[in-house]
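**Student:** Input data14.pdb, format and content: PDB, C-alpha atoms, pLDDT in the B column.
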```pdb
ATOM      1  CA  MET A  70      88.813  83.868  82.083  1.00 95.00           C
ATOM      2  CA  ASN A  71      89.909  87.295  83.296  1.00 98.00           C
ATOM      3  CA  LEU A  72      93.250  86.634  84.993  1.00 98.00           C
ATOM      4  CA  LEU A  73      95.597  88.892  86.945  1.00 98.00           C
ATOM      5  CA  GLY A  74      99.264  87.880  87.220  1.00 98.00           C
ATOM      6  CA  LEU A  75     101.751  89.301  89.746  1.00 98.00           C
ATOM      7  CA  ASP A  76     105.432  88.800  90.457  1.00 98.00           C
ATOM      8  CA  THR A  77     107.602  90.504  93.076  1.00 98.00           C
ATOM      9  CA  ALA A  78     110.303  87.849  93.491  1.00 97.00           C
ATOM     10  CA  THR A  79     112.997  90.120  92.055  1.00 97.00           C
ATOM     11  CA  SER A  80     113.632  93.844  92.460  1.00 96.00           C
ATOM     12  CA  SER A  81     111.111  94.464  89.663  1.00 97.00           C
ATOM     13  CA  THR A  82     107.365  94.726  90.173  1.00 98.00           C
ATOM     14  CA  ALA A  83     105.540  92.963  87.330  1.00 98.00           C
ATOM     15  CA  VAL A  84     101.783  92.837  86.764  1.00 98.00           C
ATOM     16  CA  ALA A  85      99.815  91.455  83.814  1.00 98.00           C
ATOM     17  CA  LEU A  86      96.135  91.232  82.993  1.00 98.00           C
ATOM     18  CA  GLY A  87      94.556  88.784  80.591  1.00 98.00           C
ATOM     19  CA  ARG A  88      90.942  89.112  79.488  1.00 98.00           C
ATOM     20  CA  ARG A  89      88.819  86.134  78.493  1.00 96.00           C
ATOM     21  CA  ASP A  90      88.794  87.417  74.875  1.00 97.00           C
ATOM     22  CA  GLY A  91      92.586  86.948  74.568  1.00 96.00           C
ATOM     23  CA  TRP A  92      93.660  90.525  75.377  1.00 98.00           C
ATOM     24  CA  LEU A  93      96.863  90.393  77.456  1.00 98.00           C
ATOM     25  CA  ARG A  94      99.015  93.272  78.622  1.00 98.00           C
ATOM     26  CA  GLU A  95     101.811  93.739  81.131  1.00 98.00           C
ATOM     27  CA  ALA A  96     102.893  96.713  83.234  1.00 98.00           C
ATOM     28  CA  ARG A  97     106.069  96.800  85.310  1.00 98.00           C
ATOM     29  CA  ASP A  98     108.369  98.863  87.448  1.00 97.00           C
ATOM     30  CA  ASP A  99     112.046  98.022  86.910  1.00 96.00           C
ATOM     31  CA  VAL A 100     114.238  99.845  89.418  1.00 94.00           C
ATOM     32  CA  ALA A 101     117.817 100.781  88.593  1.00 90.00           C
ATOM     33  CA  PRO A 102     120.608  98.552  89.951  1.00 83.00           C
ATOM     34  CA  GLY A 103     121.225  99.303  93.602  1.00 83.00           C
ATOM     35  CA  GLU A 104     117.860 100.993  94.156  1.00 92.00           C
ATOM     36  CA  ARG A 105     115.305  99.634  96.596  1.00 94.00           C
ATOM     37  CA  PRO A 106     112.364  97.688  95.120  1.00 96.00           C
ATOM     38  CA  GLN A 107     109.028  99.511  95.091  1.00 97.00           C
ATOM     39  CA  HIS A 108     106.750  96.475  95.378  1.00 98.00           C
ATOM     40  CA  ALA A 109     104.451  97.820  98.071  1.00 97.00           C
ATOM     41  CA  GLN A 110     104.123 101.191  96.372  1.00 97.00           C
ATOM     42  CA  ARG A 111     103.705 100.047  92.761  1.00 98.00           C
ATOM     43  CA  LEU A 112     101.873  96.703  92.774  1.00 98.00           C
ATOM     44  CA  LEU A 113      98.301  97.935  93.155  1.00 98.00           C
ATOM     45  CA  PRO A 114      98.702 101.089  91.011  1.00 98.00           C
ATOM     46  CA  LEU A 115     100.078  98.983  88.137  1.00 98.00           C
ATOM     47  CA  ALA A 116      97.149  96.591  88.468  1.00 98.00           C
ATOM     48  CA  ALA A 117      94.710  99.515  88.478  1.00 98.00           C
ATOM     49  CA  GLU A 118      96.300 100.898  85.292  1.00 98.00           C
ATOM     50  CA  LEU A 119      95.788  97.572  83.524  1.00 98.00           C
ATOM     51  CA  LEU A 120      92.199  97.264  84.691  1.00 98.00           C
ATOM     52  CA  ALA A 121      91.480 100.731  83.303  1.00 98.00           C
ATOM     53  CA  ALA A 122      93.166  99.837  80.007  1.00 98.00           C
ATOM     54  CA  ALA A 123      91.142  96.623  79.792  1.00 98.00           C
ATOM     55  CA  GLY A 124      87.903  98.382  80.618  1.00 98.00           C
ATOM     56  CA  ILE A 125      86.982  96.051  83.474  1.00 97.00           C
ATOM     57  CA  GLY A 126      86.730  96.356  87.251  1.00 97.00           C
ATOM     58  CA  TRP A 127      88.153  94.341  90.112  1.00 97.00           C
ATOM     59  CA  GLU A 128      84.916  92.383  90.380  1.00 96.00           C
ATOM     60  CA  ALA A 129      85.541  90.939  86.891  1.00 98.00           C
ATOM     61  CA  ILE A 130      88.800  89.238  87.911  1.00 98.00           C
ATOM     62  CA  GLU A 131      88.194  85.485  88.118  1.00 98.00           C
ATOM     63  CA  GLN A 132      91.679  84.252  88.979  1.00 98.00           C
ATOM     64  CA  ILE A 133      94.840  85.744  90.465  1.00 98.00           C
ATOM     65  CA  ALA A 134      98.179  84.050  89.795  1.00 98.00           C
ATOM     66  CA  VAL A 135     101.192  85.087  91.854  1.00 98.00           C
ATOM     67  CA  GLY A 136     104.853  84.245  91.418  1.00 98.00           C
ATOM     68  CA  VAL A 137     105.869  82.202  94.463  1.00 98.00           C
ATOM     69  CA  GLY A 138     109.609  82.346  93.943  1.00 97.00           C
ATOM     70  CA  PRO A 139     112.249  81.536  94.742  1.00 98.00           C
ATOM     71  CA  GLY A 140     113.348  85.115  95.146  1.00 96.00           C
ATOM     72  CA  GLY A 141     113.715  87.925  97.634  1.00 94.00           C
ATOM     73  CA  TYR A 142     112.164  87.176 101.019  1.00 95.00           C
ATOM     74  CA  THR A 143     110.429  90.537 101.488  1.00 96.00           C
ATOM     75  CA  GLY A 144     109.298  90.794  97.870  1.00 97.00           C
ATOM     76  CA  LEU A 145     107.705  87.348  97.949  1.00 97.00           C
ATOM     77  CA  ARG A 146     105.863  88.141 101.169  1.00 97.00           C
ATOM     78  CA  ILE A 147     104.461  91.343  99.697  1.00 98.00           C
ATOM     79  CA  GLY A 148     103.382  89.708  96.441  1.00 98.00           C
ATOM     80  CA  VAL A 149     101.721  86.666  97.995  1.00 98.00           C
ATOM     81  CA  ALA A 150     100.020  88.660 100.759  1.00 98.00           C
ATOM     82  CA  THR A 151      98.677  91.169  98.232  1.00 98.00           C
ATOM     83  CA  ALA A 152      97.419  88.406  95.954  1.00 98.00           C
ATOM     84  CA  ARG A 153      95.680  86.681  98.873  1.00 98.00           C
ATOM     85  CA  GLY A 154      94.022  89.902  99.966  1.00 98.00           C
ATOM     86  CA  LEU A 155      92.811  90.706  96.449  1.00 98.00           C
ATOM     87  CA  ALA A 156      91.473  87.200  95.893  1.00 98.00           C
ATOM     88  CA  LEU A 157      89.591  87.270  99.184  1.00 97.00           C
ATOM     89  CA  ALA A 158      88.205  90.754  98.610  1.00 97.00           C
ATOM     90  CA  HIS A 159      86.969  90.108  95.069  1.00 96.00           C
ATOM     91  CA  GLY A 160      86.039  86.429  95.149  1.00 97.00           C
ATOM     92  CA  ALA A 161      88.770  85.313  92.731  1.00 98.00           C
ATOM     93  CA  THR A 162      90.538  81.967  92.871  1.00 98.00           C
ATOM     94  CA  LEU A 163      94.201  82.149  93.888  1.00 98.00           C
ATOM     95  CA  VAL A 164      97.038  80.079  92.423  1.00 98.00           C
ATOM     96  CA  GLY A 165     100.822  80.172  92.549  1.00 98.00           C
ATOM     97  CA  VAL A 166     103.272  79.948  89.658  1.00 98.00           C
ATOM     98  CA  GLY A 167     106.976  79.180  90.051  1.00 98.00           C
ATOM     99  CA  THR A 168     109.000  82.302  89.306  1.00 98.00           C
ATOM    100  CA  LEU A 169     111.841  80.384  87.629  1.00 98.00           C
ATOM    101  CA  ARG A 170     109.323  78.538  85.454  1.00 98.00           C
ATOM    102  CA  ALA A 171     107.834  81.907  84.467  1.00 98.00           C
ATOM    103  CA  LEU A 172     111.306  83.258  83.675  1.00 98.00           C
ATOM    104  CA  ALA A 173     111.938  80.325  81.323  1.00 98.00           C
ATOM    105  CA  GLU A 174     108.459  80.373  79.717  1.00 97.00           C
ATOM    106  CA  PRO A 175     109.236  82.744  76.799  1.00 97.00           C
ATOM    107  CA  VAL A 176     112.073  80.490  75.547  1.00 96.00           C
ATOM    108  CA  ALA A 177     110.967  77.729  73.167  1.00 88.00           C
ATOM    109  CA  ALA A 178     112.638  74.690  71.594  1.00 87.00           C
ATOM    110  CA  ARG A 179     115.765  74.637  73.753  1.00 93.00           C
ATOM    111  CA  SER A 180     116.794  73.906  77.315  1.00 96.00           C
ATOM    112  CA  THR A 181     116.734  76.955  79.554  1.00 98.00           C
ATOM    113  CA  ALA A 182     118.617  77.597  82.767  1.00 98.00           C
ATOM    114  CA  ALA A 183     116.554  80.149  84.681  1.00 98.00           C
ATOM    115  CA  VAL A 184     118.938  81.791  87.143  1.00 98.00           C
ATOM    116  CA  LEU A 185     118.157  84.498  89.674  1.00 98.00           C
ATOM    117  CA  ASP A 186     120.655  86.287  91.896  1.00 97.00           C
ATOM    118  CA  ALA A 187     120.005  84.997  95.428  1.00 96.00           C
ATOM    119  CA  ARG A 188     122.500  87.419  97.027  1.00 92.00           C
ATOM    120  CA  ARG A 189     125.009  86.187  99.639  1.00 91.00           C
ATOM    121  CA  GLY A 190     127.094  84.931  96.701  1.00 94.00           C
ATOM    122  CA  GLU A 191     124.461  82.358  95.724  1.00 97.00           C
ATOM    123  CA  ALA A 192     121.963  81.792  92.922  1.00 98.00           C
ATOM    124  CA  PHE A 193     118.544  80.230  92.450  1.00 98.00           C
ATOM    125  CA  ILE A 194     118.438  77.922  89.433  1.00 98.00           C
ATOM    126  CA  GLY A 195     115.885  75.743  87.665  1.00 98.00           C
ATOM    127  CA  LEU A 196     116.110  73.973  84.292  1.00 98.00           C
ATOM    128  CA  TYR A 197     113.245  73.822  81.790  1.00 97.00           C
ATOM    129  CA  ARG A 198     112.552  72.746  78.227  1.00 95.00           C
ATOM    130  CA  ASP A 199     109.291  73.518  76.417  1.00 90.00           C
ATOM    131  CA  GLY A 200     107.467  73.960  79.707  1.00 87.00           C
ATOM    132  CA  GLU A 201     108.792  70.765  81.278  1.00 92.00           C
ATOM    133  CA  GLU A 202     110.904  70.928  84.430  1.00 96.00           C
ATOM    134  CA  LEU A 203     114.292  69.257  84.045  1.00 96.00           C
ATOM    135  CA  LEU A 204     115.730  70.428  87.365  1.00 97.00           C
ATOM    136  CA  ALA A 205     113.620  71.583  90.289  1.00 97.00           C
ATOM    137  CA  PRO A 206     114.443  75.041  91.671  1.00 97.00           C
ATOM    138  CA  ARG A 207     117.289  75.068  94.167  1.00 97.00           C
ATOM    139  CA  VAL A 208     119.811  77.431  95.702  1.00 97.00           C
ATOM    140  CA  CYS A 209     123.504  76.890  95.032  1.00 97.00           C
ATOM    141  CA  GLY A 210     126.901  78.526  95.153  1.00 95.00           C
ATOM    142  CA  PRO A 211     128.957  79.638  92.130  1.00 92.00           C
ATOM    143  CA  ALA A 212     131.016  76.428  92.068  1.00 87.00           C
ATOM    144  CA  GLU A 213     127.903  74.294  91.570  1.00 95.00           C
ATOM    145  CA  LEU A 214     125.982  76.703  89.353  1.00 96.00           C
ATOM    146  CA  ALA A 215     127.812  76.075  86.080  1.00 93.00           C
ATOM    147  CA  ALA A 216     127.581  72.295  86.438  1.00 94.00           C
ATOM    148  CA  LEU A 217     123.848  72.488  87.107  1.00 96.00           C
ATOM    149  CA  ALA A 218     123.284  74.772  84.109  1.00 95.00           C
ATOM    150  CA  LEU A 219     125.158  72.339  81.907  1.00 93.00           C
ATOM    151  CA  ARG A 220     122.741  69.531  82.785  1.00 94.00           C
ATOM    152  CA  GLY A 221     120.414  70.923  80.136  1.00 91.00           C
ATOM    153  CA  GLY A 222     122.951  70.073  77.435  1.00 90.00           C
ATOM    154  CA  PRO A 223     125.278  72.182  75.255  1.00 85.00           C
ATOM    155  CA  GLU A 224     122.368  74.051  73.657  1.00 92.00           C
ATOM    156  CA  THR A 225     121.185  75.413  77.026  1.00 96.00           C
ATOM    157  CA  LEU A 226     120.426  79.128  77.238  1.00 97.00           C
ATOM    158  CA  ALA A 227     120.962  80.800  80.626  1.00 98.00           C
ATOM    159  CA  ILE A 228     118.744  83.767  81.478  1.00 98.00           C
ATOM    160  CA  GLY A 229     117.959  85.923  84.504  1.00 98.00           C
ATOM    161  CA  ASP A 230     119.874  88.439  86.600  1.00 97.00           C
ATOM    162  CA  GLY A 231     121.786  85.550  88.183  1.00 97.00           C
ATOM    163  CA  ALA A 232     122.976  84.421  84.758  1.00 98.00           C
ATOM    164  CA  LEU A 233     124.292  87.932  84.168  1.00 97.00           C
ATOM    165  CA  ARG A 234     125.993  88.124  87.559  1.00 97.00           C
ATOM    166  CA  PHE A 235     127.735  84.763  87.101  1.00 97.00           C
ATOM    167  CA  ARG A 236     128.080  85.053  83.330  1.00 97.00           C
ATOM    168  CA  GLU A 237     131.795  84.334  83.094  1.00 96.00           C
ATOM    169  CA  LEU A 238     131.466  81.184  85.186  1.00 95.00           C
ATOM    170  CA  ILE A 239     128.484  79.886  83.206  1.00 96.00           C
ATOM    171  CA  GLU A 240     129.935  80.603  79.776  1.00 95.00           C
ATOM    172  CA  ARG A 241     133.234  79.030  80.742  1.00 94.00           C
ATOM    173  CA  ALA A 242     131.288  75.798  81.275  1.00 91.00           C
ATOM    174  CA  GLY A 243     129.956  76.006  77.721  1.00 92.00           C
ATOM    175  CA  VAL A 244     126.472  77.378  78.412  1.00 95.00           C
ATOM    176  CA  HIS A 245     125.366  80.418  76.416  1.00 96.00           C
ATOM    177  CA  VAL A 246     124.027  83.448  78.329  1.00 97.00           C
ATOM    178  CA  ALA A 247     121.506  85.719  76.596  1.00 98.00           C
ATOM    179  CA  PRO A 248     122.774  89.236  75.725  1.00 98.00           C
ATOM    180  CA  ALA A 249     122.685  91.636  78.664  1.00 97.00           C
ATOM    181  CA  GLU A 250     120.040  93.823  76.998  1.00 97.00           C
ATOM    182  CA  SER A 251     117.669  90.891  76.345  1.00 97.00           C
ATOM    183  CA  HIS A 252     114.155  91.064  77.808  1.00 97.00           C
ATOM    184  CA  LEU A 253     114.577  87.385  78.692  1.00 98.00           C
ATOM    185  CA  HIS A 254     116.473  88.348  81.847  1.00 98.00           C
ATOM    186  CA  ARG A 255     113.287  89.837  83.354  1.00 97.00           C
ATOM    187  CA  VAL A 256     110.515  87.791  84.950  1.00 98.00           C
ATOM    188  CA  SER A 257     107.339  88.386  82.961  1.00 98.00           C
ATOM    189  CA  ALA A 258     103.939  88.615  84.636  1.00 98.00           C
ATOM    190  CA  ALA A 259     102.415  87.874  81.230  1.00 98.00           C
ATOM    191  CA  ALA A 260     104.239  84.531  81.358  1.00 98.00           C
ATOM    192  CA  ILE A 261     102.674  83.922  84.769  1.00 98.00           C
ATOM    193  CA  CYS A 262      99.247  84.521  83.229  1.00 98.00           C
ATOM    194  CA  ARG A 263      99.960  82.125  80.368  1.00 98.00           C
ATOM    195  CA  LEU A 264     101.211  79.393  82.694  1.00 98.00           C
ATOM    196  CA  ALA A 265      98.194  79.803  84.965  1.00 98.00           C
ATOM    197  CA  ALA A 266      95.859  79.571  81.964  1.00 97.00           C
ATOM    198  CA  GLU A 267      97.593  76.304  81.010  1.00 96.00           C
ATOM    199  CA  GLY A 268      97.095  74.928  84.517  1.00 97.00           C
ATOM    200  CA  LYS A 269     100.818  74.910  85.375  1.00 97.00           C
ATOM    201  CA  VAL A 270     100.198  76.147  88.889  1.00 97.00           C
ATOM    202  CA  THR A 271     100.965  75.361  92.497  1.00 97.00           C
ATOM    203  CA  SER A 272      99.695  76.548  95.860  1.00 97.00           C
ATOM    204  CA  ALA A 273     100.188  80.241  96.607  1.00 97.00           C
ATOM    205  CA  VAL A 274     102.869  79.641  99.242  1.00 97.00           C
ATOM    206  CA  PRO A 275     106.274  81.345  98.955  1.00 97.00           C
ATOM    207  CA  ALA A 276     109.131  79.042  97.931  1.00 95.00           C
ATOM    208  CA  TYR A 277     111.931  80.703  99.894  1.00 95.00           C
ATOM    209  CA  LEU A 278     114.357  77.737  99.565  1.00 93.00           C
ATOM    210  CA  ARG A 279     116.470  79.107 102.425  1.00 85.00           C
ATOM    211  CA  LEU A 280     116.179  81.059 105.675  1.00 68.00           C
ATOM    212  CA  ALA A 281     115.851  84.839 105.697  1.00 55.00           C
ATOM    213  CA  ASP A 282     118.799  86.920 106.961  1.00 49.00           C
ATOM    214  CA  ALA A 283     117.074  87.563 110.290  1.00 41.00           C
ATOM    215  CA  GLU A 284     116.427  83.853 110.798  1.00 43.00           C
ATOM    216  CA  LEU A 285     120.025  83.002 109.938  1.00 38.00           C
ATOM    217  CA  ALA A 286     121.222  85.570 112.493  1.00 41.00           C
ATOM    218  CA  LEU A 287     118.956  84.013 115.134  1.00 36.00           C
ATOM    219  CA  VAL A 288     120.274  80.521 114.368  1.00 35.00           C
ATOM    220  CA  ALA A 289     123.853  81.802 114.648  1.00 41.00           C
ATOM    221  CA  LYS A 290     123.127  83.327 118.066  1.00 48.00           C
ATOM    222  CA  THR A 291     121.745  80.076 119.431  1.00 47.00           C
ATOM    223  CA  ARG A 292     124.790  78.016 118.440  1.00 52.00           C
TER     224      ARG A 292
END
```
Mind converting the file's structure to structure tokens?
**Tutor:**
Amino acid sequence: MNLLGLDTATSSTAVALGRRDGWLREARDDVAPGERPQHAQRLLPLAAELLAAAGIGWEAIEQIAVGVGPGGYTGLRIGVATARGLALAHGATLVGVGTLRALAEPVAARSTAAVLDARRGEAFIGLYRDGEELLAPRVCGPAELAALALRGGPETLAIGDGALRFRELIERAGVHVAPAESHLHRVSAAAICRLAAEGKVTSAVPAYLRLADAELALVAKTR
């Protein structure tokens, strides 16, 4: 089928398009460290670029797969809302794909700790091996992170911007972290397309895993 994949769980905006004949291409916007994400501005233009490259129109899209996190609260809202709107407007089916599962998808034949920087001194982590989930996504602090990563065994590879942020901690526990320049640290929308095509999907509902900053502030005020 013709499948559009989106992910805005991190500061990057990633879009991929797969045609029913096997053609698959990804387009992305990776902002520099410290810069504001451009999800709202770049998501639809990147999708339009891929449609033009594929030689098909919006009406040809049969399924839209969106990364549901965990990840940034605002980014997830933008990605899921955009995916819902596109699916409704063009009659496509809508599915969700776990962002940590997508991060781990390119790694084969070894356990993978997919780790994203959750800010506030925390990380999102999930463990996978050959597409199977060994540890469901969760949020944790640095003290717990290394122990969770090690659950995959000594051959575990840690990837993601969270693995880079907490690299020293993770490697001290005996888990290898991919080189800083590796593409494995970026969530791939092409991986989201592949997982959706394999049926490894969930409902298109954001997996925040914790309260947003504004909600935390409100809770603090009511105590």
**Student:** Identify which of the residues A:Gly140, A:Gly222, A:Gly154, A:Gly231 lies closest to Ala192 in chain A, counting only C-alpha atoms when measuring atom-to-atom distances.
**Tutor:**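 Ranking A:Gly140, A:Gly222, A:Gly154, A:Gly231 by distance to Ala192 in chain A, first place goes to A:Gly231.
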**Student:** Go through the shown structure with the PyMOL selection byres ((chain A and resi 169) around 12) and write out the matching residues as JSON, numbers by chain.
**Tutor:** {"A": [76, 78, 79, 136, 137, 138, 139, 140, 166, 167, 168, 170, 171, 172, 173, 174, 175, 181, 182, 183, 184, 185, 186, 192, 193, 194, 195, 196, 197, 200, 201, 202, 203, 204, 205, 206, 207, 208, 227, 228, 229, 230, 231, 253, 254, 255, 256, 257, 258, 260, 261, 264, 276]}
**Student:** Need to verify the contact set: Arg88 in chain A, 10 Å, only C-alpha atoms, exclusion of same-chain residues closer than 6 positions in sequence. Can you return it as a count of residues only?
**Tutor:** 12
**Student:** Which residues match the PyMOL selection byres ((chain A and resi 108) around 12) in the file above, as an MDAnalysis selection string?
**Tutor:** chainID A and resid 75:84 97:100 105:107 109:116 141 143:151
**Student:** Emit the selected residues as a JSON list (two decimals), in the frame of the given file, including C-alpha atoms.
**Tutor:**
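Dumped everything to again_36.json:
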```json
[["chain", "number", "residue", "atom", "x", "y", "z"],
["A", 75, "LEU", "CA", 101.75, 89.30, 89.75],
["A", 76, "ASP", "CA", 105.43, 88.80, 90.46],
["A", 77, "THR", "CA", 107.60, 90.50, 93.08],
["A", 78, "ALA", "CA", 110.30, 87.85, 93.49],
["A", 79, "THR", "CA", 113.00, 90.12, 92.06],
["A", 80, "SER", "CA", 113.63, 93.84, 92.46],
["A", 81, "SER", "CA", 111.11, 94.46, 89.66],
["A", 82, "THR", "CA", 107.36, 94.73, 90.17],
["A", 83, "ALA", "CA", 105.54, 92.96, 87.33],
["A", 84, "VAL", "CA", 101.78, 92.84, 86.76],
["A", 97, "ARG", "CA", 106.07, 96.80, 85.31],
["A", 98, "ASP", "CA", 108.37, 98.86, 87.45],
["A", 99, "ASP", "CA", 112.05, 98.02, 86.91],
["A", 100, "VAL", "CA", 114.24, 99.84, 89.42],
["A", 105, "ARG", "CA", 115.30, 99.63, 96.60],
["A", 106, "PRO", "CA", 112.36, 97.69, 95.12],
["A", 107, "GLN", "CA", 109.03, 99.51, 95.09],
["A", 109, "ALA", "CA", 104.45, 97.82, 98.07],
["A", 110, "GLN", "CA", 104.12, 101.19, 96.37],
["A", 111, "ARG", "CA", 103.70, 100.05, 92.76],
["A", 112, "LEU", "CA", 101.87, 96.70, 92.77],
["A", 113, "LEU", "CA", 98.30, 97.94, 93.16],
["A", 114, "PRO", "CA", 98.70, 101.09, 91.01],
["A", 115, "LEU", "CA", 100.08, 98.98, 88.14],
["A", 116, "ALA", "CA", 97.15, 96.59, 88.47],
["A", 141, "GLY", "CA", 113.72, 87.92, 97.63],
["A", 143, "THR", "CA", 110.43, 90.54, 101.49],
["A", 144, "GLY", "CA", 109.30, 90.79, 97.87],
["A", 145, "LEU", "CA", 107.70, 87.35, 97.95],
["A", 146, "ARG", "CA", 105.86, 88.14, 101.17],
["A", 147, "ILE", "CA", 104.46, 91.34, 99.70],
["A", 148, "GLY", "CA", 103.38, 89.71, 96.44],
["A", 149, "VAL", "CA", 101.72, 86.67, 98.00],
["A", 150, "ALA", "CA", 100.02, 88.66, 100.76],
["A", 151, "THR", "CA", 98.68, 91.17, 98.23]]
```
**Student:** Within 9 Å of Arg179 in chain A, counting only C-alpha atoms, which residues qualify if same-chain residues fewer than 3 places away don't, as an MDAnalysis selection string?
**Tutor:** chainID A and resid 176 197:199 221 224:226
